[in-house]
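This report concerns only the one structure given below.
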Amino acid sequence: MKTLHGKWSLITGASRGVGLHISEGLANLGSNLILHSRELAHTEIIAKKLKLLGVQVITVSGELSDQGQVDRFLDEALSKAGQIDIVYNNAAIMTPYRQNHLETPAEDYRTSFEVNVISLARICNRLLPSMIERKWGRIINLTSGIQEQPELSAYSVSKAAVDKFVRDFVPKLAGTGVQMNLLDPGWLRTDLGGPNAPNDPVTVLPGALVPALLNDGVSGRFMRAQDYSGLELASALEKALAK
Ligand SMILES: NC(=O)c1ccc[n+]([C@@H]2O[C@H](COP(=O)([O-])OP(=O)(O)OC[C@H]3O[C@@H](n4cnc5c(N)ncnc54)[C@H](OP(=O)(O)O)[C@@H]3O)[C@@H](O)[C@H]2O)c1
């Protein structure tokens, strides 16, 4: 099923964890890829491997807490790819676990908002106009099901801000052909999720691909990748449409 043949997908944080699996899943659907991480070296081998699937792959680098770097890598990606049709705003940081949550430093909130929210908003705001003009686009913003853990509040409130950002866009996107949705990958054994997480990172597929493939015009949906774990992609899409 090469349903995304000819599309260009940007995946932030493509070097490991969730972003790596999403990139592989998109390449298997025929999408060309723009792989982002902080250093080009982090995606070099992945790019070589994914090119073997017959897709074009570009690598870009940028620190997401620096909005100048975000602008630079988007410029580079657009000049090389021509256009970006699908975006997975996947890269994020989790601030340290603060045993005494009442002493969470302000810096935790600042850095998590810079990386997890402000850069995500900047990428969306930059790419949405051209998607709307072309009448097709998919933006998938990674969120989290984290709850009742004030020790990680700088991280969790940044994800709540992402949810609000997406939901408030819903009326603007109606009838445009552009869809922006939320994806919770589930608790996974990645560098961010840690070794005690119950799920292997590969279980993010096929669910993570569903919001890129749905053509139902729906935006603002909170999708859980784990709801589709173990399904074939076609069954996952059927399940999503039945919701
Ligand atoms: N894992 C979980 O249990 C879990 C649960 C709920 C939600 N999520 C969400 O899923 C997404 C992916 O998480 P993950 O577990 O795959 O994370 P991860 O394994 O820690 O990978 C993070 C990725 O983001 C990039 N990155 C990190 N800090 C960055 C920065 N300051 N600027 C630019 N890029 C940066 C990294 O690139 P480098 O190669 O440059 O380091 C890496 O590719 C995140 O949005 C996370 O909040 C994860």
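Identifiers in the structure tokens: chain A, B, ... in order shown; residue index from 1 per chain; ligand index from 1 in order shown.
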(request) Taking the DSSP assignment computed from this structure's backbone, write out as an NGL selection string all residues of stretch 5-130 of chain A that belong to alpha helix (DSSP H). (result) :A and (17-28 or 44-51 or 67-81 or 106-113 or 119-130)
(message) Using only C-alpha atoms, which protein or nucleic acid residues come within 12 Å of A:Phe169? Drop anything in the same chain fewer than 5 positions from it, and give the result as a PyMOL selection string.
(response) chain A and resi 121+124-125+128+139+162-164+174+176+178-182+218-221
(request) Write out as an MDAnalysis selection string all residues of stretch 24-198 of chain A that DSSP puts in strand (DSSP E or B) for this structure's backbone. (result) chainID A and resid 32:37 57:61 86:89 137:142 178:184 188
Requested write-out: N, CA, C and O atoms of the selected residues, as a compact mmCIF listing (two decimals), in the first residue's frame:
# COMPACT_ATOMS: atom_id res chain seq x y z
N ASN A 32 8.04 10.45 0.80
CA ASN A 32 9.39 11.00 0.92
C ASN A 32 9.52 11.63 2.30
O ASN A 32 8.50 12.06 2.88
N LEU A 33 10.75 11.67 2.80
CA LEU A 33 10.92 12.06 4.20
C LEU A 33 11.88 13.22 4.39
O LEU A 33 12.91 13.30 3.72
N ILE A 34 11.55 14.06 5.35
CA ILE A 34 12.49 15.05 5.88
C ILE A 34 12.70 14.67 7.34
O ILE A 34 11.78 14.80 8.16
N LEU A 35 13.87 14.14 7.63
CA LEU A 35 14.17 13.65 8.98
C LEU A 35 14.89 14.73 9.76
O LEU A 35 15.96 15.19 9.35
N HIS A 36 14.29 15.11 10.87
CA HIS A 36 14.90 16.15 11.72
C HIS A 36 15.46 15.54 13.01
O HIS A 36 14.88 14.62 13.60
N SER A 37 16.58 16.09 13.45
CA SER A 37 17.11 15.83 14.81
C SER A 37 18.04 17.00 15.10
O SER A 37 18.10 17.96 14.33
N VAL A 57 14.96 10.98 0.72
CA VAL A 57 15.13 11.34 2.13
C VAL A 57 16.09 12.53 2.25
O VAL A 57 17.17 12.53 1.68
N ILE A 58 15.64 13.53 3.00
CA ILE A 58 16.46 14.71 3.30
C ILE A 58 16.66 14.73 4.81
O ILE A 58 15.73 14.39 5.55
N THR A 59 17.84 15.11 5.26
CA THR A 59 18.03 15.25 6.71
C THR A 59 18.27 16.72 7.04
O THR A 59 18.96 17.43 6.30
N VAL A 60 17.67 17.17 8.12
CA VAL A 60 17.88 18.54 8.59
C VAL A 60 18.16 18.50 10.09
O VAL A 60 17.79 17.54 10.77
N SER A 61 18.80 19.57 10.58
CA SER A 61 19.10 19.61 12.01
C SER A 61 18.66 20.94 12.60
O SER A 61 18.61 21.96 11.90
N ILE A 86 2.92 16.57 5.03
CA ILE A 86 2.58 15.90 6.29
C ILE A 86 3.63 16.30 7.32
O ILE A 86 4.83 16.30 7.02
N VAL A 87 3.19 16.66 8.50
CA VAL A 87 4.14 17.01 9.57
C VAL A 87 3.81 16.19 10.81
O VAL A 87 2.66 16.16 11.25
N TYR A 88 4.81 15.53 11.34
CA TYR A 88 4.72 14.95 12.68
C TYR A 88 5.57 15.81 13.60
O TYR A 88 6.80 15.76 13.54
N ASN A 89 4.92 16.64 14.41
CA ASN A 89 5.65 17.40 15.43
C ASN A 89 5.84 16.46 16.61
O ASN A 89 5.03 16.39 17.53
N GLY A 137 -3.30 18.67 3.52
CA GLY A 137 -2.20 18.67 4.50
C GLY A 137 -2.62 17.89 5.73
O GLY A 137 -3.80 17.77 6.04
N ARG A 138 -1.63 17.31 6.38
CA ARG A 138 -1.90 16.57 7.63
C ARG A 138 -0.84 17.01 8.64
O ARG A 138 0.37 16.86 8.37
N ILE A 139 -1.30 17.52 9.76
CA ILE A 139 -0.37 17.84 10.85
C ILE A 139 -0.75 16.99 12.05
O ILE A 139 -1.92 16.96 12.46
N ILE A 140 0.23 16.27 12.56
CA ILE A 140 0.00 15.39 13.70
C ILE A 140 0.93 15.85 14.81
O ILE A 140 2.17 15.82 14.67
N ASN A 141 0.33 16.32 15.88
CA ASN A 141 1.11 16.85 16.99
C ASN A 141 1.11 15.84 18.13
O ASN A 141 0.04 15.43 18.60
N LEU A 142 2.31 15.45 18.54
CA LEU A 142 2.43 14.43 19.59
C LEU A 142 2.10 15.03 20.94
O LEU A 142 2.63 16.07 21.32
N VAL A 178 -7.16 20.35 4.99
CA VAL A 178 -6.03 20.21 5.92
C VAL A 178 -6.58 19.73 7.27
O VAL A 178 -7.58 20.27 7.75
N GLN A 179 -5.93 18.73 7.83
CA GLN A 179 -6.36 18.17 9.11
C GLN A 179 -5.21 18.25 10.11
O GLN A 179 -4.07 17.94 9.77
N MET A 180 -5.55 18.68 11.32
CA MET A 180 -4.53 18.74 12.39
C MET A 180 -5.09 17.99 13.60
O MET A 180 -6.16 18.33 14.11
N ASN A 181 -4.36 16.97 14.01
CA ASN A 181 -4.84 16.13 15.10
C ASN A 181 -3.75 15.86 16.11
O ASN A 181 -2.58 16.20 15.91
N LEU A 182 -4.16 15.24 17.21
CA LEU A 182 -3.27 14.94 18.33
C LEU A 182 -3.02 13.44 18.39
O LEU A 182 -3.95 12.66 18.17
N LEU A 183 -1.80 13.08 18.71
CA LEU A 183 -1.47 11.66 18.82
C LEU A 183 -0.75 11.39 20.14
O LEU A 183 0.32 11.94 20.39
N ASP A 184 -1.36 10.52 20.94
CA ASP A 184 -0.69 10.04 22.16
C ASP A 184 -0.11 8.66 21.82
O ASP A 184 -0.86 7.73 21.55
N LEU A 188 5.97 4.31 26.40
CA LEU A 188 6.86 3.44 25.63
C LEU A 188 8.29 3.46 26.18
O LEU A 188 8.75 4.49 26.69
Which residues of stretch 78-137 of chain A sit at most 12 Å from stretch 4-23 of chain A, using only C-alpha atoms? Give each one's shortest atom pair and distance in Å (one decimal place), in chain and ascending residue order, as CSV.
residue,atom,partner,partner_atom,distance
A:Leu78,CA,A:Trp8,CA,9.9
A:Lys80,CA,A:Trp8,CA,10.7
A:Ala81,CA,A:Trp8,CA,7.1
A:Gly82,CA,A:Trp8,CA,8.8
A:Gln83,CA,A:Trp8,CA,6.8
A:Ile84,CA,A:Trp8,CA,5.1
A:Asp85,CA,A:Trp8,CA,5.3
A:Ile86,CA,A:Ser9,CA,4.5
A:Val87,CA,A:Leu10,CA,4.8
A:Tyr88,CA,A:Ile11,CA,4.8
A:Asn89,CA,A:Thr12,CA,5.5
A:Asn90,CA,A:Thr12,CA,5.2
A:Ala91,CA,A:Gly13,CA,4.1
A:Ala92,CA,A:Gly13,CA,7.5
A:Ile93,CA,A:Gly13,CA,10.1
A:Val115,CA,A:Thr12,CA,11.1
A:Asn116,CA,A:Thr12,CA,11.0
A:Ser119,CA,A:Thr12,CA,10.5
A:Leu120,CA,A:Thr12,CA,9.5
A:Ile123,CA,A:Thr12,CA,10.1
A:Cys124,CA,A:Leu10,CA,11.3
A:Leu127,CA,A:Leu10,CA,10.6
A:Met131,CA,A:Trp8,CA,11.6
A:Trp136,CA,A:Lys7,CA,10.3
A:Gly137,CA,A:Lys7,CA,9.7
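Of the listed residues A:Pro185, A:Gly25, A:Pro195, A:Gly230, the one whose atoms come nearest to ligand 1 is A:Pro185, with distances taken using only C-alpha atoms and all ligand atoms.
When the distance limit is 12 Å and only C-alpha atoms are what count, the residues near A:Glu107, minus those fewer than 4 positions from it on the same chain, are Thr95, Pro96, Glu103, Thr111, Ser112, Phe113, Glu114, Ala154 and Tyr155 of chain A.
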